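Source file: query-v9.txt (compact mmCIF, N, CA and C atoms)
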```txt
# COMPACT_ATOMS: atom_id res chain seq x y z
N MET L 1 0.85 -1.17 0.00
CA MET L 1 0.00 0.00 0.00
C MET L 1 0.89 1.24 0.00
N ALA L 2 0.60 2.18 -0.81
CA ALA L 2 1.39 3.40 -0.92
C ALA L 2 1.17 4.30 0.29
N ASP L 3 2.22 4.98 0.70
CA ASP L 3 2.13 5.94 1.79
C ASP L 3 1.41 7.18 1.27
N ARG L 4 0.27 7.52 1.86
CA ARG L 4 -0.50 8.66 1.39
C ARG L 4 -0.40 9.85 2.34
N TRP L 5 0.54 9.81 3.27
CA TRP L 5 0.75 10.93 4.18
C TRP L 5 1.55 12.02 3.48
N THR L 6 1.11 13.22 3.59
CA THR L 6 1.90 14.37 3.13
C THR L 6 1.62 15.54 4.05
N GLN L 7 2.64 16.35 4.29
CA GLN L 7 2.49 17.52 5.17
C GLN L 7 1.39 18.43 4.63
N GLY L 8 0.45 18.75 5.48
CA GLY L 8 -0.60 19.68 5.11
C GLY L 8 -1.72 19.10 4.26
N THR L 9 -1.64 17.81 3.91
CA THR L 9 -2.69 17.18 3.11
C THR L 9 -3.54 16.32 4.02
N PHE L 10 -4.83 16.32 3.81
CA PHE L 10 -5.75 15.62 4.69
C PHE L 10 -6.02 14.21 4.22
N LEU L 11 -4.99 13.37 4.23
CA LEU L 11 -5.14 11.97 3.86
C LEU L 11 -4.52 11.10 4.94
N LEU L 12 -5.18 10.01 5.28
CA LEU L 12 -4.67 9.09 6.29
C LEU L 12 -5.04 7.68 5.88
N VAL L 13 -4.04 6.82 5.73
CA VAL L 13 -4.28 5.44 5.34
C VAL L 13 -4.63 4.60 6.55
N ASP L 14 -3.80 4.64 7.59
CA ASP L 14 -3.96 3.85 8.80
C ASP L 14 -4.58 4.73 9.88
N PRO L 15 -5.71 4.34 10.49
CA PRO L 15 -6.35 5.21 11.47
C PRO L 15 -5.50 5.45 12.72
N GLU L 16 -4.56 4.57 13.05
CA GLU L 16 -3.65 4.79 14.17
C GLU L 16 -2.25 4.41 13.73
N PRO L 17 -1.58 5.29 13.01
CA PRO L 17 -0.27 4.97 12.49
C PRO L 17 0.74 4.72 13.61
N VAL L 18 1.55 3.69 13.45
CA VAL L 18 2.55 3.33 14.44
C VAL L 18 3.58 4.46 14.55
N GLY L 19 3.88 4.85 15.78
CA GLY L 19 4.87 5.89 16.01
C GLY L 19 4.31 7.30 15.95
N TRP L 20 3.01 7.43 15.81
CA TRP L 20 2.35 8.74 15.78
C TRP L 20 1.28 8.77 16.85
N GLN L 21 1.09 9.94 17.46
CA GLN L 21 0.07 10.11 18.50
C GLN L 21 -0.88 11.24 18.11
N ALA L 22 -2.18 10.97 18.23
CA ALA L 22 -3.17 12.02 18.03
C ALA L 22 -3.11 12.96 19.22
N CYS L 23 -3.16 14.28 18.96
CA CYS L 23 -2.98 15.20 20.08
C CYS L 23 -3.83 16.46 19.99
N GLY L 24 -4.75 16.54 19.09
CA GLY L 24 -5.58 17.74 19.03
C GLY L 24 -6.31 17.86 17.71
N ARG L 25 -6.99 18.97 17.56
CA ARG L 25 -7.78 19.23 16.37
C ARG L 25 -7.22 20.46 15.66
N PHE L 26 -7.13 20.38 14.35
CA PHE L 26 -6.64 21.49 13.55
C PHE L 26 -7.49 22.75 13.80
N SER L 27 -8.79 22.56 13.97
CA SER L 27 -9.71 23.69 14.17
C SER L 27 -9.46 24.42 15.49
N ASP L 28 -8.72 23.80 16.42
CA ASP L 28 -8.42 24.44 17.70
C ASP L 28 -7.22 25.38 17.63
N LEU L 29 -6.48 25.36 16.52
CA LEU L 29 -5.29 26.20 16.40
C LEU L 29 -5.62 27.53 15.75
N GLU L 30 -4.92 28.57 16.20
CA GLU L 30 -4.99 29.89 15.58
C GLU L 30 -3.60 30.24 15.08
N GLU L 31 -3.54 30.84 13.93
CA GLU L 31 -2.25 31.22 13.34
C GLU L 31 -1.42 32.02 14.35
N GLY L 32 -0.21 31.52 14.62
CA GLY L 32 0.74 32.23 15.47
C GLY L 32 0.60 32.03 16.96
N LYS L 33 -0.43 31.28 17.41
CA LYS L 33 -0.64 31.08 18.84
C LYS L 33 -0.36 29.63 19.22
N GLY L 34 0.27 29.44 20.38
CA GLY L 34 0.62 28.12 20.85
C GLY L 34 -0.49 27.43 21.61
N VAL L 35 -0.45 26.09 21.57
CA VAL L 35 -1.36 25.23 22.32
C VAL L 35 -0.51 24.13 22.96
N ALA L 36 -0.72 23.89 24.25
CA ALA L 36 0.01 22.85 24.95
C ALA L 36 -0.72 21.51 24.85
N VAL L 37 0.02 20.44 24.55
CA VAL L 37 -0.51 19.08 24.54
C VAL L 37 0.50 18.19 25.25
N GLN L 38 0.08 16.98 25.58
CA GLN L 38 0.95 16.00 26.21
C GLN L 38 1.01 14.74 25.36
N ILE L 39 2.19 14.21 25.19
CA ILE L 39 2.37 12.91 24.54
C ILE L 39 3.21 12.07 25.47
N ALA L 40 2.64 10.98 25.97
CA ALA L 40 3.32 10.10 26.92
C ALA L 40 3.90 10.90 28.08
N GLY L 41 3.14 11.89 28.56
CA GLY L 41 3.58 12.71 29.68
C GLY L 41 4.59 13.78 29.34
N HIS L 42 4.91 13.92 28.07
CA HIS L 42 5.90 14.90 27.63
C HIS L 42 5.17 16.12 27.07
N PRO L 43 5.46 17.34 27.58
CA PRO L 43 4.78 18.53 27.08
C PRO L 43 5.29 18.96 25.70
N ILE L 44 4.35 19.18 24.80
CA ILE L 44 4.63 19.60 23.42
C ILE L 44 3.85 20.88 23.17
N ALA L 45 4.45 21.81 22.44
CA ALA L 45 3.77 23.04 22.03
C ALA L 45 3.44 22.95 20.55
N LEU L 46 2.18 23.12 20.21
CA LEU L 46 1.73 23.14 18.81
C LEU L 46 1.51 24.58 18.39
N PHE L 47 1.93 24.89 17.17
CA PHE L 47 1.69 26.21 16.59
C PHE L 47 1.20 26.04 15.17
N LEU L 48 0.32 26.91 14.74
CA LEU L 48 -0.06 27.01 13.34
C LEU L 48 0.75 28.17 12.78
N TYR L 49 1.65 27.84 11.84
CA TYR L 49 2.51 28.86 11.26
C TYR L 49 2.50 28.71 9.75
N ASP L 50 2.13 29.75 9.07
CA ASP L 50 2.09 29.76 7.61
C ASP L 50 1.24 28.61 7.06
N GLY L 51 0.15 28.30 7.79
CA GLY L 51 -0.78 27.27 7.37
C GLY L 51 -0.38 25.84 7.72
N ASN L 52 0.78 25.65 8.37
CA ASN L 52 1.26 24.32 8.74
C ASN L 52 1.29 24.17 10.25
N VAL L 53 1.03 22.95 10.72
CA VAL L 53 1.13 22.65 12.14
C VAL L 53 2.60 22.33 12.45
N GLU L 54 3.15 23.05 13.43
CA GLU L 54 4.52 22.83 13.88
C GLU L 54 4.46 22.40 15.34
N ALA L 55 5.37 21.50 15.74
CA ALA L 55 5.40 20.99 17.11
C ALA L 55 6.84 21.00 17.63
N ILE L 56 7.01 21.55 18.83
CA ILE L 56 8.31 21.58 19.49
C ILE L 56 8.12 21.24 20.96
N ASP L 57 9.22 20.93 21.66
CA ASP L 57 9.14 20.77 23.11
C ASP L 57 8.53 22.02 23.69
N ALA L 58 7.70 21.85 24.72
CA ALA L 58 6.98 22.99 25.29
C ALA L 58 7.72 23.69 26.41
N ARG L 59 8.91 23.21 26.77
CA ARG L 59 9.66 23.83 27.84
C ARG L 59 10.98 24.39 27.31
N CYS L 60 11.23 25.65 27.60
CA CYS L 60 12.49 26.30 27.24
C CYS L 60 13.62 25.67 28.06
N PRO L 61 14.74 25.34 27.44
CA PRO L 61 15.84 24.73 28.18
C PRO L 61 16.54 25.69 29.15
N HIS L 62 16.28 26.98 29.03
CA HIS L 62 16.92 27.96 29.90
C HIS L 62 16.35 27.94 31.31
N ALA L 63 15.03 28.11 31.42
CA ALA L 63 14.39 28.17 32.75
C ALA L 63 13.03 27.49 32.75
N ALA L 64 12.84 26.53 31.84
CA ALA L 64 11.60 25.76 31.73
C ALA L 64 10.38 26.64 31.44
N GLY L 65 10.59 27.76 30.77
CA GLY L 65 9.48 28.63 30.40
C GLY L 65 8.52 27.91 29.47
N PRO L 66 7.22 28.20 29.55
CA PRO L 66 6.21 27.56 28.73
C PRO L 66 6.19 28.12 27.30
N LEU L 67 6.83 27.42 26.38
CA LEU L 67 6.91 27.93 25.00
C LEU L 67 5.54 28.02 24.33
N ASP L 68 4.58 27.20 24.76
CA ASP L 68 3.23 27.31 24.20
C ASP L 68 2.58 28.65 24.54
N ARG L 69 3.09 29.33 25.55
CA ARG L 69 2.58 30.67 25.91
C ARG L 69 3.41 31.78 25.30
N GLY L 70 4.42 31.39 24.54
CA GLY L 70 5.23 32.37 23.84
C GLY L 70 4.50 32.87 22.61
N TRP L 71 5.19 33.63 21.79
CA TRP L 71 4.59 34.17 20.58
C TRP L 71 5.54 33.95 19.42
N LEU L 72 4.99 34.02 18.21
CA LEU L 72 5.81 33.87 17.01
C LEU L 72 6.23 35.24 16.51
N ASP L 73 7.50 35.31 16.16
CA ASP L 73 8.09 36.53 15.61
C ASP L 73 8.89 36.12 14.37
N GLY L 74 8.26 36.20 13.21
CA GLY L 74 8.95 35.84 11.97
C GLY L 74 9.43 34.41 11.93
N GLY L 75 8.62 33.46 12.34
CA GLY L 75 9.02 32.06 12.30
C GLY L 75 9.82 31.61 13.49
N ARG L 76 9.88 32.44 14.51
CA ARG L 76 10.62 32.12 15.73
C ARG L 76 9.67 32.18 16.92
N VAL L 77 9.73 31.16 17.77
CA VAL L 77 8.97 31.18 19.01
C VAL L 77 9.80 31.93 20.04
N VAL L 78 9.18 32.89 20.70
CA VAL L 78 9.85 33.67 21.73
C VAL L 78 9.34 33.20 23.09
N CYS L 79 10.26 32.76 23.96
CA CYS L 79 9.89 32.31 25.30
C CYS L 79 9.39 33.51 26.11
N PRO L 80 8.26 33.36 26.79
CA PRO L 80 7.70 34.48 27.53
C PRO L 80 8.48 34.87 28.79
N LEU L 81 9.38 34.01 29.27
CA LEU L 81 10.10 34.34 30.50
C LEU L 81 11.31 35.25 30.27
N HIS L 82 12.20 34.83 29.36
CA HIS L 82 13.44 35.59 29.18
C HIS L 82 13.75 35.89 27.72
N ARG L 83 12.75 35.68 26.86
CA ARG L 83 12.84 36.06 25.44
C ARG L 83 13.84 35.24 24.61
N TRP L 84 14.13 34.01 25.05
CA TRP L 84 14.95 33.15 24.19
C TRP L 84 14.13 32.86 22.94
N LYS L 85 14.82 32.73 21.79
CA LYS L 85 14.14 32.51 20.51
C LYS L 85 14.53 31.17 19.91
N PHE L 86 13.50 30.48 19.35
CA PHE L 86 13.66 29.17 18.74
C PHE L 86 13.03 29.16 17.35
N GLU L 87 13.72 28.61 16.38
CA GLU L 87 13.16 28.45 15.04
C GLU L 87 12.01 27.45 15.12
N ILE L 88 10.81 27.85 14.68
CA ILE L 88 9.64 27.00 14.80
C ILE L 88 9.74 25.74 13.94
N ARG L 89 10.45 25.77 12.84
CA ARG L 89 10.51 24.61 11.93
C ARG L 89 11.68 23.66 12.20
N THR L 90 12.57 24.04 13.14
CA THR L 90 13.71 23.17 13.44
C THR L 90 13.96 22.97 14.93
N GLY L 91 13.53 23.91 15.76
CA GLY L 91 13.82 23.87 17.19
C GLY L 91 15.15 24.50 17.56
N GLN L 92 15.92 24.94 16.56
CA GLN L 92 17.21 25.56 16.82
C GLN L 92 17.04 26.82 17.67
N CYS L 93 17.89 26.97 18.69
CA CYS L 93 17.84 28.15 19.55
C CYS L 93 18.75 29.22 18.99
N LEU L 94 18.21 30.40 18.76
CA LEU L 94 19.00 31.52 18.25
C LEU L 94 19.73 32.25 19.36
N THR L 95 19.22 32.16 20.57
CA THR L 95 19.81 32.84 21.72
C THR L 95 21.04 32.09 22.23
N ALA L 96 20.92 30.77 22.32
CA ALA L 96 22.02 29.91 22.78
C ALA L 96 22.04 28.69 21.85
N PRO L 97 22.80 28.74 20.78
CA PRO L 97 22.77 27.68 19.76
C PRO L 97 23.01 26.26 20.28
N ASP L 98 23.62 26.12 21.44
CA ASP L 98 23.85 24.79 22.00
C ASP L 98 22.68 24.29 22.84
N LYS L 99 21.55 25.01 22.83
CA LYS L 99 20.38 24.66 23.64
C LYS L 99 19.11 24.57 22.79
N PRO L 100 19.08 23.73 21.76
CA PRO L 100 17.87 23.62 20.94
C PRO L 100 16.76 22.88 21.69
N VAL L 101 15.54 23.01 21.20
CA VAL L 101 14.43 22.17 21.64
C VAL L 101 14.13 21.19 20.50
N ARG L 102 13.50 20.09 20.85
CA ARG L 102 13.19 19.09 19.84
C ARG L 102 12.01 19.55 18.98
N HIS L 103 12.13 19.33 17.68
CA HIS L 103 11.05 19.60 16.73
C HIS L 103 10.46 18.25 16.33
N TYR L 104 9.15 18.18 16.17
CA TYR L 104 8.46 16.94 15.84
C TYR L 104 7.72 17.07 14.51
N ARG L 105 7.75 16.03 13.72
CA ARG L 105 6.95 16.03 12.49
C ARG L 105 5.48 15.94 12.85
N THR L 106 4.64 16.58 12.03
CA THR L 106 3.20 16.59 12.27
C THR L 106 2.45 16.19 11.00
N ARG L 107 1.24 15.71 11.20
CA ARG L 107 0.31 15.38 10.11
C ARG L 107 -1.09 15.79 10.54
N VAL L 108 -1.94 16.05 9.58
CA VAL L 108 -3.35 16.32 9.84
C VAL L 108 -4.14 15.39 8.94
N ASP L 109 -5.07 14.62 9.54
CA ASP L 109 -5.84 13.68 8.72
C ASP L 109 -7.12 14.33 8.18
N GLU L 110 -7.91 13.55 7.47
CA GLU L 110 -9.10 14.10 6.80
C GLU L 110 -10.18 14.55 7.77
N THR L 111 -10.08 14.13 9.04
CA THR L 111 -11.06 14.56 10.05
C THR L 111 -10.60 15.81 10.79
N GLY L 112 -9.37 16.27 10.51
CA GLY L 112 -8.83 17.43 11.19
C GLY L 112 -8.05 17.09 12.45
N THR L 113 -7.82 15.81 12.69
CA THR L 113 -7.02 15.39 13.83
C THR L 113 -5.55 15.66 13.55
N ILE L 114 -4.86 16.23 14.53
CA ILE L 114 -3.43 16.48 14.42
C ILE L 114 -2.69 15.28 14.99
N TRP L 115 -1.70 14.79 14.25
CA TRP L 115 -0.86 13.68 14.67
C TRP L 115 0.58 14.18 14.78
N VAL L 116 1.25 13.78 15.85
CA VAL L 116 2.65 14.14 16.06
C VAL L 116 3.46 12.85 16.08
N GLU L 117 4.57 12.84 15.33
CA GLU L 117 5.45 11.67 15.33
C GLU L 117 6.11 11.59 16.69
N SER L 118 5.73 10.56 17.43
CA SER L 118 6.15 10.46 18.82
C SER L 118 7.45 9.71 19.01
N GLY L 119 7.83 8.87 18.06
CA GLY L 119 9.08 8.14 18.17
C GLY L 119 9.26 7.51 19.52
N ASP L 120 10.36 7.85 20.20
CA ASP L 120 10.67 7.24 21.49
C ASP L 120 9.85 7.81 22.65
N LEU L 121 9.06 8.85 22.45
CA LEU L 121 8.25 9.42 23.54
C LEU L 121 7.16 8.46 23.99
N ALA L 122 6.60 7.68 23.07
CA ALA L 122 5.46 6.82 23.40
C ALA L 122 5.89 5.51 24.03
N LYS L 123 7.17 5.26 24.15
CA LYS L 123 7.64 3.98 24.72
C LYS L 123 7.65 4.00 26.22
```

Please lay out the structure from this file as structure tokens.
Amino acid sequence: MADRWTQGTFLLVDPEPVGWQACGRFSDLEEGKGVAVQIAGHPIALFLYDGNVEAIDARCPHAAGPLDRGWLDGGRVVCPLHRWKFEIRTGQCLTAPDKPVRHYRTRVDETGTIWVESGDLAK
């Protein structure tokens, strides 16, 4: 069977794909605003940026600031505590390059469910 998953396309072959976790609804996201979700007890921040769902660790490595409460500034999430900046599409930290956050692949199925590639988080 061909893989019919594509970023931003509403197609899903397997209703519960292995290694992916359902974590929210596309309709719950607003462009540029974060939403906190949990996958296997791990906090993840979801953002809608340029029409795509992006997912990163929800805690800033500097002082555990809630990145889901941060804001987007030109494709960068700004931590609300001390203004550390992270690239939304990679997790790279611009403030302290040796302190990135993890970025997760995302999918949206035909029902509007958001899926995050959980990898080792779900184990």

Problem - Selection: 7 Å around L:Phe86, all atoms listed in the file, excl. self and same-chain fewer than 2 positions, as JSON, numbers by chain - result: {"L": [75, 76, 77, 78, 79, 84, 88, 89, 90, 91, 92, 93, 94, 95, 101]}

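Interatomic distance, atom CA of L:Cys60 to atom CA of L:Gly34: 13.6 Å.
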
Practice task
Identify the residues around (13.2, 28.8, 33.8) within a radius of 12 Å, measuring from only C-alpha atoms in the coordinates stated by the file, and give them as a count of residues only.
Solution key: 15

Handout entry: L:Asp98, L:Asp57, L:Glu117, L:Glu30 ranked by distance to L:His42, top pick (using only C-alpha atoms)
Key =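 So, comparing all the options, the nearest one is L:Asp57.
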
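For the pair atom CA of L:Gly112 and atom C of L:Ala40, the separation is 22.1 Å.
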
Practice task
Between L:Tyr49, L:Ala96, L:His103, L:Gly32, single out the one closest to L:Trp71, counting only C-alpha atoms.
Solution key: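 Closest candidate: L:Gly32.
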
Practice task
Report as JSON, numbers by chain: the residues of stretch 75-123 of chain L with a DSSP assignment of strand (DSSP E), based on the backbone of this structure.
Solution key: {"L": [76, 77, 78, 85, 86, 87, 103, 104, 106, 107, 108, 113, 114, 115, 116, 117]}
